[in-house]
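Structure file coords.txt with compact mmCIF, N, CA and C atoms:
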# COMPACT_ATOMS: atom_id res chain seq x y z
N MET N 1 113.72 122.42 73.22
CA MET N 1 112.65 121.97 72.34
C MET N 1 112.84 122.61 70.97
N ILE N 2 112.76 121.80 69.93
CA ILE N 2 112.83 122.30 68.56
C ILE N 2 111.41 122.58 68.12
N LYS N 3 111.15 123.80 67.74
CA LYS N 3 109.79 124.17 67.37
C LYS N 3 109.81 124.78 65.98
N VAL N 4 109.48 123.99 65.00
CA VAL N 4 109.45 124.43 63.62
C VAL N 4 108.14 123.96 63.04
N ASP N 5 107.51 124.82 62.29
CA ASP N 5 106.24 124.46 61.67
C ASP N 5 106.54 123.64 60.41
N ALA N 6 106.89 122.38 60.60
CA ALA N 6 107.22 121.50 59.49
C ALA N 6 106.32 120.29 59.51
N VAL N 7 106.02 119.80 58.32
CA VAL N 7 105.22 118.59 58.16
C VAL N 7 106.17 117.45 57.82
N ILE N 8 106.13 116.41 58.64
CA ILE N 8 107.00 115.25 58.43
C ILE N 8 106.13 114.05 58.10
N MET N 9 106.41 113.41 56.97
CA MET N 9 105.70 112.20 56.59
C MET N 9 106.58 111.01 56.92
N ILE N 10 105.99 110.04 57.61
CA ILE N 10 106.69 108.81 57.94
C ILE N 10 105.98 107.67 57.22
N THR N 11 106.71 107.02 56.32
CA THR N 11 106.13 105.93 55.54
C THR N 11 106.83 104.63 55.91
N ASP N 12 106.06 103.75 56.53
CA ASP N 12 106.60 102.47 57.01
C ASP N 12 105.44 101.48 57.09
N ASP N 13 105.64 100.29 56.57
CA ASP N 13 104.57 99.29 56.57
C ASP N 13 104.38 98.61 57.92
N ASP N 14 105.32 98.79 58.85
CA ASP N 14 105.23 98.14 60.15
C ASP N 14 104.56 99.08 61.15
N PRO N 15 103.34 98.73 61.63
CA PRO N 15 102.64 99.61 62.57
C PRO N 15 103.41 99.85 63.86
N ASP N 16 104.18 98.86 64.31
CA ASP N 16 104.98 99.05 65.52
C ASP N 16 106.09 100.08 65.30
N ASP N 17 106.70 100.05 64.13
CA ASP N 17 107.74 101.03 63.81
C ASP N 17 107.16 102.43 63.70
N ARG N 18 105.96 102.55 63.14
CA ARG N 18 105.30 103.87 63.06
C ARG N 18 105.03 104.40 64.47
N LEU N 19 104.54 103.52 65.35
CA LEU N 19 104.24 103.93 66.72
C LEU N 19 105.52 104.34 67.45
N LEU N 20 106.59 103.56 67.30
CA LEU N 20 107.86 103.91 67.94
C LEU N 20 108.40 105.24 67.43
N ALA N 21 108.26 105.49 66.13
CA ALA N 21 108.71 106.77 65.57
C ALA N 21 107.90 107.92 66.18
N LYS N 22 106.60 107.75 66.28
CA LYS N 22 105.75 108.77 66.89
C LYS N 22 106.18 109.04 68.33
N GLU N 23 106.41 107.98 69.08
CA GLU N 23 106.82 108.13 70.48
C GLU N 23 108.22 108.77 70.59
N ALA N 24 109.10 108.47 69.64
CA ALA N 24 110.44 109.08 69.66
C ALA N 24 110.34 110.58 69.38
N PHE N 25 109.46 110.98 68.47
CA PHE N 25 109.25 112.41 68.23
C PHE N 25 108.69 113.08 69.49
N GLU N 26 107.73 112.42 70.13
CA GLU N 26 107.15 112.97 71.35
C GLU N 26 108.19 113.07 72.46
N GLU N 27 109.01 112.05 72.59
CA GLU N 27 110.06 112.02 73.62
C GLU N 27 111.02 113.21 73.44
N ASN N 28 111.26 113.60 72.20
CA ASN N 28 112.15 114.72 71.89
C ASN N 28 111.43 116.06 71.88
N ARG N 29 110.14 116.04 72.14
CA ARG N 29 109.32 117.25 72.15
C ARG N 29 109.38 118.00 70.82
N LEU N 30 109.47 117.25 69.74
CA LEU N 30 109.44 117.85 68.41
C LEU N 30 107.98 118.10 68.07
N GLU N 31 107.63 119.36 67.93
CA GLU N 31 106.23 119.73 67.74
C GLU N 31 105.89 119.93 66.27
N ASN N 32 106.33 119.01 65.46
CA ASN N 32 106.02 119.05 64.04
C ASN N 32 104.75 118.26 63.78
N THR N 33 104.12 118.53 62.65
CA THR N 33 102.99 117.74 62.22
C THR N 33 103.51 116.44 61.64
N LEU N 34 103.05 115.31 62.18
CA LEU N 34 103.44 114.00 61.67
C LEU N 34 102.30 113.41 60.87
N ILE N 35 102.61 112.93 59.69
CA ILE N 35 101.64 112.23 58.84
C ILE N 35 102.21 110.85 58.59
N PHE N 36 101.40 109.83 58.80
CA PHE N 36 101.85 108.46 58.63
C PHE N 36 101.17 107.83 57.42
N THR N 37 101.96 107.18 56.57
CA THR N 37 101.43 106.39 55.48
C THR N 37 102.02 104.98 55.60
N GLU N 38 101.27 104.00 55.09
CA GLU N 38 101.57 102.59 55.35
C GLU N 38 102.53 101.95 54.36
N ASP N 39 102.66 102.53 53.19
CA ASP N 39 103.58 102.00 52.18
C ASP N 39 103.72 103.05 51.09
N GLY N 40 104.53 102.73 50.09
CA GLY N 40 104.79 103.69 49.02
C GLY N 40 103.56 104.08 48.23
N GLU N 41 102.69 103.14 48.00
CA GLU N 41 101.47 103.45 47.26
C GLU N 41 100.60 104.42 48.06
N ASP N 42 100.50 104.19 49.35
CA ASP N 42 99.72 105.08 50.23
C ASP N 42 100.34 106.48 50.23
N LEU N 43 101.68 106.55 50.29
CA LEU N 43 102.37 107.84 50.25
C LEU N 43 102.05 108.59 48.96
N MET N 44 102.16 107.93 47.83
CA MET N 44 101.91 108.60 46.55
C MET N 44 100.43 108.97 46.40
N ASN N 45 99.52 108.13 46.89
CA ASN N 45 98.10 108.49 46.88
C ASN N 45 97.87 109.75 47.70
N TYR N 46 98.54 109.86 48.84
CA TYR N 46 98.44 111.05 49.66
C TYR N 46 98.90 112.28 48.87
N LEU N 47 100.08 112.19 48.28
CA LEU N 47 100.63 113.34 47.56
C LEU N 47 99.77 113.74 46.36
N TYR N 48 99.23 112.77 45.66
CA TYR N 48 98.41 113.05 44.48
C TYR N 48 96.94 113.29 44.83
N GLY N 49 96.58 113.12 46.09
CA GLY N 49 95.18 113.32 46.50
C GLY N 49 94.25 112.28 45.90
N LYS N 50 94.69 111.03 45.88
CA LYS N 50 93.89 109.95 45.31
C LYS N 50 93.38 109.02 46.41
N GLY N 51 92.43 108.17 46.06
CA GLY N 51 91.92 107.18 47.01
C GLY N 51 91.33 107.83 48.23
N LYS N 52 91.72 107.35 49.40
CA LYS N 52 91.15 107.87 50.66
C LYS N 52 91.56 109.32 50.93
N TYR N 53 92.51 109.85 50.17
CA TYR N 53 92.97 111.23 50.36
C TYR N 53 92.30 112.21 49.38
N GLU N 54 91.46 111.69 48.50
CA GLU N 54 90.82 112.53 47.49
C GLU N 54 89.90 113.55 48.15
N GLY N 55 90.00 114.79 47.68
CA GLY N 55 89.13 115.85 48.16
C GLY N 55 89.50 116.40 49.53
N LYS N 56 90.62 115.95 50.09
CA LYS N 56 91.05 116.42 51.40
C LYS N 56 92.20 117.42 51.23
N SER N 57 92.38 118.25 52.23
CA SER N 57 93.49 119.18 52.24
C SER N 57 94.72 118.44 52.77
N ASN N 58 95.62 118.09 51.88
CA ASN N 58 96.80 117.31 52.22
C ASN N 58 98.03 118.18 52.14
N PRO N 59 98.56 118.65 53.28
CA PRO N 59 99.77 119.48 53.20
C PRO N 59 100.94 118.69 52.63
N ILE N 60 101.72 119.36 51.80
CA ILE N 60 102.91 118.72 51.23
C ILE N 60 103.95 118.61 52.34
N PRO N 61 104.53 117.42 52.53
CA PRO N 61 105.53 117.27 53.59
C PRO N 61 106.79 118.08 53.32
N ASP N 62 107.40 118.55 54.40
CA ASP N 62 108.68 119.23 54.32
C ASP N 62 109.82 118.23 54.37
N LEU N 63 109.54 117.03 54.89
CA LEU N 63 110.53 115.97 55.01
C LEU N 63 109.80 114.64 55.00
N ILE N 64 110.35 113.66 54.28
CA ILE N 64 109.78 112.32 54.25
C ILE N 64 110.79 111.34 54.85
N LEU N 65 110.34 110.57 55.83
CA LEU N 65 111.11 109.45 56.36
C LEU N 65 110.55 108.20 55.69
N LEU N 66 111.37 107.49 54.97
CA LEU N 66 110.91 106.44 54.07
C LEU N 66 111.58 105.11 54.35
N ASP N 67 110.77 104.09 54.58
CA ASP N 67 111.29 102.73 54.68
C ASP N 67 111.55 102.23 53.26
N LEU N 68 112.49 101.33 53.09
CA LEU N 68 112.79 100.80 51.76
C LEU N 68 111.93 99.60 51.40
N ASN N 69 111.84 98.65 52.31
CA ASN N 69 111.20 97.37 51.99
C ASN N 69 109.76 97.34 52.46
N MET N 70 108.85 97.61 51.51
CA MET N 70 107.42 97.65 51.81
C MET N 70 106.65 96.96 50.69
N PRO N 71 105.45 96.49 51.00
CA PRO N 71 104.63 95.87 49.96
C PRO N 71 104.05 96.93 49.01
N ARG N 72 103.45 96.47 47.95
CA ARG N 72 102.77 97.27 46.92
C ARG N 72 103.74 98.19 46.18
N LYS N 73 104.32 99.18 46.83
CA LYS N 73 105.32 100.05 46.22
C LYS N 73 106.40 100.29 47.26
N ASP N 74 107.63 99.85 46.95
CA ASP N 74 108.68 99.99 47.96
C ASP N 74 109.34 101.36 47.88
N GLY N 75 110.25 101.62 48.81
CA GLY N 75 110.89 102.91 48.91
C GLY N 75 111.69 103.31 47.68
N ARG N 76 112.28 102.33 47.01
CA ARG N 76 113.05 102.62 45.80
C ARG N 76 112.14 103.15 44.70
N GLU N 77 110.98 102.51 44.54
CA GLU N 77 110.01 102.95 43.53
C GLU N 77 109.49 104.35 43.86
N VAL N 78 109.29 104.61 45.15
CA VAL N 78 108.83 105.93 45.58
C VAL N 78 109.88 106.98 45.24
N LEU N 79 111.14 106.71 45.53
CA LEU N 79 112.21 107.66 45.22
C LEU N 79 112.24 108.01 43.74
N ILE N 80 112.12 107.00 42.90
CA ILE N 80 112.11 107.23 41.45
C ILE N 80 110.96 108.15 41.07
N GLU N 81 109.78 107.86 41.59
CA GLU N 81 108.59 108.65 41.25
C GLU N 81 108.68 110.07 41.80
N LEU N 82 109.14 110.21 43.03
CA LEU N 82 109.26 111.55 43.63
C LEU N 82 110.23 112.43 42.85
N LYS N 83 111.37 111.87 42.53
CA LYS N 83 112.42 112.68 41.91
C LYS N 83 112.12 113.02 40.45
N LYS N 84 111.18 112.33 39.82
CA LYS N 84 110.76 112.65 38.45
C LYS N 84 109.66 113.72 38.42
N ASN N 85 109.04 113.98 39.56
CA ASN N 85 107.90 114.88 39.63
C ASN N 85 108.36 116.28 40.04
N GLN N 86 108.07 117.27 39.20
CA GLN N 86 108.49 118.65 39.46
C GLN N 86 107.99 119.17 40.80
N GLN N 87 106.77 118.79 41.19
CA GLN N 87 106.17 119.28 42.43
C GLN N 87 106.82 118.66 43.67
N PHE N 88 107.31 117.44 43.56
CA PHE N 88 107.77 116.71 44.75
C PHE N 88 109.28 116.47 44.80
N LYS N 89 110.01 116.74 43.73
CA LYS N 89 111.41 116.34 43.65
C LYS N 89 112.31 117.02 44.67
N ARG N 90 111.90 118.16 45.20
CA ARG N 90 112.74 118.87 46.17
C ARG N 90 112.43 118.51 47.61
N ILE N 91 111.44 117.68 47.84
CA ILE N 91 111.14 117.27 49.21
C ILE N 91 112.30 116.41 49.70
N PRO N 92 112.96 116.80 50.78
CA PRO N 92 114.05 115.96 51.29
C PRO N 92 113.51 114.61 51.76
N VAL N 93 114.23 113.57 51.42
CA VAL N 93 113.84 112.21 51.79
C VAL N 93 114.99 111.57 52.57
N VAL N 94 114.64 111.05 53.74
CA VAL N 94 115.58 110.30 54.57
C VAL N 94 115.11 108.85 54.58
N VAL N 95 115.94 107.96 54.08
CA VAL N 95 115.62 106.54 54.18
C VAL N 95 115.93 106.11 55.61
N LEU N 96 114.91 105.53 56.25
CA LEU N 96 115.05 105.00 57.61
C LEU N 96 114.60 103.54 57.53
N THR N 97 115.55 102.65 57.50
CA THR N 97 115.27 101.25 57.18
C THR N 97 116.12 100.31 58.03
N THR N 98 115.72 99.06 58.06
CA THR N 98 116.51 98.05 58.77
C THR N 98 117.72 97.60 57.95
N SER N 99 117.74 97.91 56.68
CA SER N 99 118.81 97.45 55.80
C SER N 99 120.14 98.11 56.15
N LYS N 100 121.19 97.29 56.09
CA LYS N 100 122.56 97.78 56.23
C LYS N 100 123.34 97.47 54.96
N SER N 101 122.64 97.04 53.93
CA SER N 101 123.26 96.61 52.70
C SER N 101 123.96 97.76 51.98
N ASP N 102 125.20 97.54 51.61
CA ASP N 102 125.94 98.54 50.84
C ASP N 102 125.20 98.86 49.55
N GLU N 103 124.63 97.84 48.93
CA GLU N 103 123.89 98.03 47.68
C GLU N 103 122.69 98.95 47.89
N ASP N 104 121.94 98.75 48.99
CA ASP N 104 120.79 99.62 49.28
C ASP N 104 121.23 101.06 49.54
N ILE N 105 122.35 101.22 50.24
CA ILE N 105 122.85 102.57 50.53
C ILE N 105 123.22 103.29 49.23
N VAL N 106 124.05 102.66 48.41
CA VAL N 106 124.49 103.27 47.16
C VAL N 106 123.31 103.52 46.23
N ASN N 107 122.44 102.52 46.10
CA ASN N 107 121.29 102.65 45.21
C ASN N 107 120.38 103.79 45.66
N SER N 108 120.17 103.92 46.97
CA SER N 108 119.30 104.99 47.49
C SER N 108 119.86 106.37 47.15
N TYR N 109 121.17 106.54 47.33
CA TYR N 109 121.77 107.82 46.97
C TYR N 109 121.71 108.06 45.46
N ASP N 110 121.90 107.00 44.67
CA ASP N 110 121.78 107.14 43.22
C ASP N 110 120.38 107.58 42.81
N LEU N 111 119.38 107.17 43.60
CA LEU N 111 117.99 107.53 43.30
C LEU N 111 117.59 108.89 43.87
N GLY N 112 118.51 109.54 44.59
CA GLY N 112 118.25 110.91 45.04
C GLY N 112 117.90 111.09 46.50
N VAL N 113 118.11 110.06 47.33
CA VAL N 113 117.81 110.22 48.76
C VAL N 113 118.78 111.24 49.35
N ASN N 114 118.33 111.96 50.37
CA ASN N 114 119.17 112.97 51.01
C ASN N 114 120.00 112.41 52.16
N SER N 115 119.50 111.37 52.82
CA SER N 115 120.23 110.71 53.90
C SER N 115 119.75 109.26 53.99
N PHE N 116 120.64 108.41 54.47
CA PHE N 116 120.32 107.00 54.67
C PHE N 116 120.67 106.65 56.10
N ILE N 117 119.67 106.21 56.87
CA ILE N 117 119.87 105.85 58.27
C ILE N 117 119.35 104.44 58.50
N THR N 118 120.18 103.60 59.10
CA THR N 118 119.73 102.27 59.49
C THR N 118 118.98 102.40 60.81
N LYS N 119 117.77 101.83 60.87
CA LYS N 119 116.96 101.91 62.08
C LYS N 119 117.72 101.31 63.26
N PRO N 120 117.76 102.05 64.35
CA PRO N 120 118.41 101.50 65.54
C PRO N 120 117.59 100.37 66.15
N VAL N 121 118.24 99.55 66.94
CA VAL N 121 117.61 98.38 67.54
C VAL N 121 116.80 98.73 68.78
N THR N 122 117.27 99.69 69.57
CA THR N 122 116.59 100.03 70.82
C THR N 122 115.81 101.34 70.67
N PHE N 123 114.79 101.50 71.52
CA PHE N 123 114.01 102.73 71.52
C PHE N 123 114.88 103.92 71.90
N GLU N 124 115.75 103.75 72.87
CA GLU N 124 116.63 104.84 73.30
C GLU N 124 117.50 105.32 72.14
N SER N 125 117.99 104.39 71.34
CA SER N 125 118.79 104.77 70.18
C SER N 125 117.95 105.48 69.13
N LEU N 126 116.70 105.04 68.97
CA LEU N 126 115.80 105.71 68.02
C LEU N 126 115.53 107.15 68.48
N VAL N 127 115.33 107.34 69.76
CA VAL N 127 115.12 108.68 70.31
C VAL N 127 116.32 109.56 69.97
N GLU N 128 117.52 109.03 70.13
CA GLU N 128 118.74 109.79 69.82
C GLU N 128 118.83 110.11 68.32
N VAL N 129 118.49 109.15 67.47
CA VAL N 129 118.51 109.38 66.02
C VAL N 129 117.51 110.48 65.67
N ILE N 130 116.31 110.42 66.21
CA ILE N 130 115.28 111.44 65.93
C ILE N 130 115.75 112.80 66.46
N ARG N 131 116.37 112.85 67.62
CA ARG N 131 116.89 114.11 68.17
C ARG N 131 117.92 114.72 67.21
N ASN N 132 118.86 113.89 66.78
CA ASN N 132 119.88 114.38 65.86
C ASN N 132 119.29 114.80 64.52
N MET N 133 118.33 114.03 64.03
CA MET N 133 117.67 114.37 62.78
C MET N 133 116.93 115.70 62.92
N GLY N 134 116.24 115.88 64.04
CA GLY N 134 115.54 117.14 64.29
C GLY N 134 116.48 118.32 64.32
N ASN N 135 117.59 118.16 65.02
CA ASN N 135 118.59 119.24 65.07
C ASN N 135 119.10 119.58 63.68
N TYR N 136 119.40 118.55 62.91
CA TYR N 136 119.94 118.78 61.58
C TYR N 136 118.91 119.41 60.64
N TRP N 137 117.77 118.74 60.47
CA TRP N 137 116.80 119.17 59.46
C TRP N 137 116.02 120.42 59.85
N PHE N 138 115.90 120.70 61.15
CA PHE N 138 115.04 121.82 61.54
C PHE N 138 115.76 122.94 62.27
N ARG N 139 117.05 122.80 62.51
CA ARG N 139 117.84 123.90 63.07
C ARG N 139 118.92 124.37 62.11
N LEU N 140 119.53 123.45 61.38
CA LEU N 140 120.66 123.79 60.54
C LEU N 140 120.31 123.99 59.07
N VAL N 141 119.41 123.18 58.57
CA VAL N 141 119.13 123.12 57.14
C VAL N 141 117.97 124.06 56.77
N SER N 142 118.09 124.70 55.62
CA SER N 142 116.97 125.46 55.05
C SER N 142 116.22 124.52 54.13
N LEU N 143 114.92 124.34 54.40
CA LEU N 143 114.10 123.43 53.60
C LEU N 143 113.44 124.19 52.46
N PRO N 144 113.43 123.60 51.26
CA PRO N 144 112.87 124.30 50.09
C PRO N 144 111.38 124.62 50.21
N ASN N 145 110.61 123.78 50.89
CA ASN N 145 109.16 124.03 51.01
C ASN N 145 108.86 125.15 51.99
N GLN N 146 109.85 125.61 52.74
CA GLN N 146 109.62 126.66 53.72
C GLN N 146 110.16 128.01 53.26
N LEU N 147 110.50 128.13 51.99
CA LEU N 147 110.99 129.41 51.46
C LEU N 147 109.84 130.27 51.02
How does this structure look as structure tokens?
Amino acid sequence: MIKVDAVIMITDDDPDDRLLAKEAFEENRLENTLIFTEDGEDLMNYLYGKGKYEGKSNPIPDLILLDLNMPRKDGREVLIELKKNQQFKRIPVVVLTTSKSDEDIVNSYDLGVNSFITKPVTFESLVEVIRNMGNYWFRLVSLPNQL
């Protein structure tokens, strides 16, 4: 079991994908705090404490899992905004998307993403991806928000 006091934000407009991600974390016994946002605008409102997040204690995520193709504000727009902001630019961002497009991969790295992962098709594969991600981000890597 990987036990790290880390806050992971998962931003995806598909409620089924959010549920599968939650279940994959549970399957791997990753005991991190998971925060779910529905799209890029919701994510940024959370970080800035606006809208439904105003006046609440919103912990800054240690890692963001970000879908690319979402309504209102997509993942590319979020990356641009995050990386321009002094407070948020060091938060590691992993794009987790259905896209396999070379253009999306290159563009995401150009915008400052830390990793790009194409969403697996099966739940078992998602569990494996989350396990590997957990090992990497919470056993091997030193996160800037935890210094």
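Contact shell of segment 47-61 of chain N at 6 Å (all atoms listed in the file; same-chain neighbours under 4 positions omitted): Val7, Ile8, Met9 and Leu43 of chain N.
Straight-line separation from atom CA of Leu79 of chain N to atom CA of Val113 of chain N: 7.1 Å.
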Q. Can you tell me, as a count of residues only, what residues are no more than 7 Å from Lys119 of chain N when counting all atoms listed in the file, ignoring any on the same chain fewer than 3 positions away?
A. 6
Q | Between atom CA of Glu41 of chain N and atom CA of Pro71 of chain N, distance in Å (one decimal) | A | 8.6 Å
**Q.** segment 5-39 of chain N: residues DSSP assigns to alpha helix (DSSP H), reported as a PyMOL selection string
**A.** chain N and resi 15-27
Q: Identify all residues of segment 54-113 of chain N in strand (DSSP E or B) (DSSP on the backbone) and supply them as a PyMOL selection string.
A: chain N and resi 63-66+93-97
Q | Atomic distance atom CA of Arg139 of chain N - atom CA of Asp5 of chain N, expressed in Å with one decimal | A | 11.7 Å
(Q) Just want the 8 Å neighbourhood of Gly40 of chain N, counted on only C-alpha atoms, with same-chain residues fewer than 5 positions away dropped. Output as a list in words. (A) Thr11, Met70, Pro71, Arg72, Lys73, Asp74, Gly75, Glu77 and Val78 of chain N
Q) How would you write as number ranges by chain the residues that get within 5 Å of (104.9, 104.9, 56.2) in the file's frame, counting all atoms listed in the file? A) N: 10-13, 36-39
Dump all heavy atoms of segment 130-140 of chain N from the given block, as a CSV table (one decimal), in the first residue's frame.
chain,number,residue,atom,x,y,z
N,130,ILE,N,-2.9,3.5,-12.8
N,130,ILE,CA,-3.0,4.2,-11.5
N,130,ILE,C,-1.9,3.7,-10.5
N,130,ILE,O,-1.3,4.4,-9.8
N,130,ILE,CB,-4.4,4.2,-10.9
N,130,ILE,CG1,-5.4,4.9,-11.8
N,130,ILE,CG2,-4.4,4.7,-9.5
N,130,ILE,CD1,-5.2,6.3,-12.0
N,131,ARG,N,-1.7,2.4,-10.5
N,131,ARG,CA,-0.7,1.7,-9.7
N,131,ARG,C,0.7,2.3,-10.1
N,131,ARG,O,1.5,2.7,-9.2
N,131,ARG,CB,-0.7,0.2,-9.8
N,131,ARG,CG,0.3,-0.5,-9.0
N,131,ARG,CD,0.3,-2.0,-9.1
N,131,ARG,NE,-1.0,-2.5,-8.8
N,131,ARG,CZ,-1.8,-3.2,-9.7
N,131,ARG,NH1,-1.3,-3.4,-11.0
N,131,ARG,NH2,-2.9,-3.6,-9.4
N,132,ASN,N,1.0,2.3,-11.3
N,132,ASN,CA,2.3,2.8,-11.8
N,132,ASN,C,2.4,4.2,-11.5
N,132,ASN,O,3.5,4.7,-11.1
N,132,ASN,CB,2.5,2.5,-13.3
N,132,ASN,CG,2.7,1.0,-13.6
N,132,ASN,OD1,3.2,0.3,-12.7
N,132,ASN,ND2,2.2,0.6,-14.7
N,133,MET,N,1.4,5.0,-11.7
N,133,MET,CA,1.4,6.4,-11.4
N,133,MET,C,1.7,6.7,-10.0
N,133,MET,O,2.5,7.5,-9.6
N,133,MET,CB,0.1,7.1,-11.9
N,133,MET,CG,0.2,8.6,-12.0
N,133,MET,SD,-1.3,9.4,-12.6
N,133,MET,CE,-2.3,8.1,-13.3
N,134,GLY,N,1.0,5.9,-9.1
N,134,GLY,CA,1.2,6.0,-7.7
N,134,GLY,C,2.6,5.7,-7.3
N,134,GLY,O,3.2,6.4,-6.5
N,135,ASN,N,3.2,4.7,-7.8
N,135,ASN,CA,4.5,4.3,-7.5
N,135,ASN,C,5.5,5.4,-7.9
N,135,ASN,O,6.4,5.8,-7.2
N,135,ASN,CB,4.9,3.0,-8.2
N,135,ASN,CG,4.4,1.8,-7.5
N,135,ASN,OD1,4.2,1.8,-6.3
N,135,ASN,ND2,4.1,0.8,-8.3
N,136,TYR,N,5.3,5.9,-9.1
N,136,TYR,CA,6.2,7.0,-9.6
N,136,TYR,C,6.0,8.3,-8.8
N,136,TYR,O,7.0,8.8,-8.3
N,136,TYR,CB,5.9,7.2,-11.1
N,136,TYR,CG,6.8,8.3,-11.7
N,136,TYR,CD1,8.1,8.1,-12.0
N,136,TYR,CD2,6.3,9.6,-11.9
N,136,TYR,CE1,8.9,9.1,-12.4
N,136,TYR,CE2,7.1,10.6,-12.3
N,136,TYR,CZ,8.4,10.4,-12.6
N,136,TYR,OH,9.2,11.4,-13.1
N,137,TRP,N,4.8,8.8,-8.8
N,137,TRP,CA,4.6,10.2,-8.2
N,137,TRP,C,4.7,10.2,-6.6
N,137,TRP,O,5.0,11.2,-6.1
N,137,TRP,CB,3.3,10.8,-8.6
N,137,TRP,CG,3.3,11.2,-10.0
N,137,TRP,CD1,2.7,10.6,-11.1
N,137,TRP,CD2,4.0,12.3,-10.6
N,137,TRP,NE1,3.0,11.3,-12.2
N,137,TRP,CE2,3.8,12.4,-11.9
N,137,TRP,CE3,4.8,13.3,-10.0
N,137,TRP,CZ2,4.3,13.3,-12.8
N,137,TRP,CZ3,5.3,14.3,-10.8
N,137,TRP,CH2,5.1,14.3,-12.2
N,138,PHE,N,4.5,9.0,-6.0
N,138,PHE,CA,4.4,9.1,-4.5
N,138,PHE,C,5.5,8.2,-3.8
N,138,PHE,O,5.6,8.2,-2.6
N,138,PHE,CB,3.0,8.7,-4.0
N,138,PHE,CG,2.0,9.6,-4.6
N,138,PHE,CD1,1.0,9.2,-5.4
N,138,PHE,CD2,2.1,11.0,-4.4
N,138,PHE,CE1,0.1,10.0,-6.0
N,138,PHE,CE2,1.2,11.9,-5.0
N,138,PHE,CZ,0.2,11.4,-5.8
N,139,ARG,N,6.3,7.5,-4.6
N,139,ARG,CA,7.4,6.7,-4.0
N,139,ARG,C,8.8,7.2,-4.5
N,139,ARG,O,9.7,7.3,-3.8
N,139,ARG,CB,7.3,5.2,-4.3
N,139,ARG,CG,6.3,4.6,-3.5
N,139,ARG,CD,6.4,3.1,-3.5
N,139,ARG,NE,5.5,2.5,-2.6
N,139,ARG,CZ,5.1,1.2,-2.6
N,139,ARG,NH1,5.5,0.5,-3.6
N,139,ARG,NH2,4.3,0.8,-1.7
N,140,LEU,N,8.8,7.6,-5.8
N,140,LEU,CA,10.1,8.0,-6.4
N,140,LEU,C,10.3,9.5,-6.5
N,140,LEU,O,11.4,10.0,-6.3
N,140,LEU,CB,10.2,7.4,-7.8
N,140,LEU,CG,10.2,5.9,-8.0
N,140,LEU,CD1,10.1,5.5,-9.4
N,140,LEU,CD2,11.4,5.3,-7.3
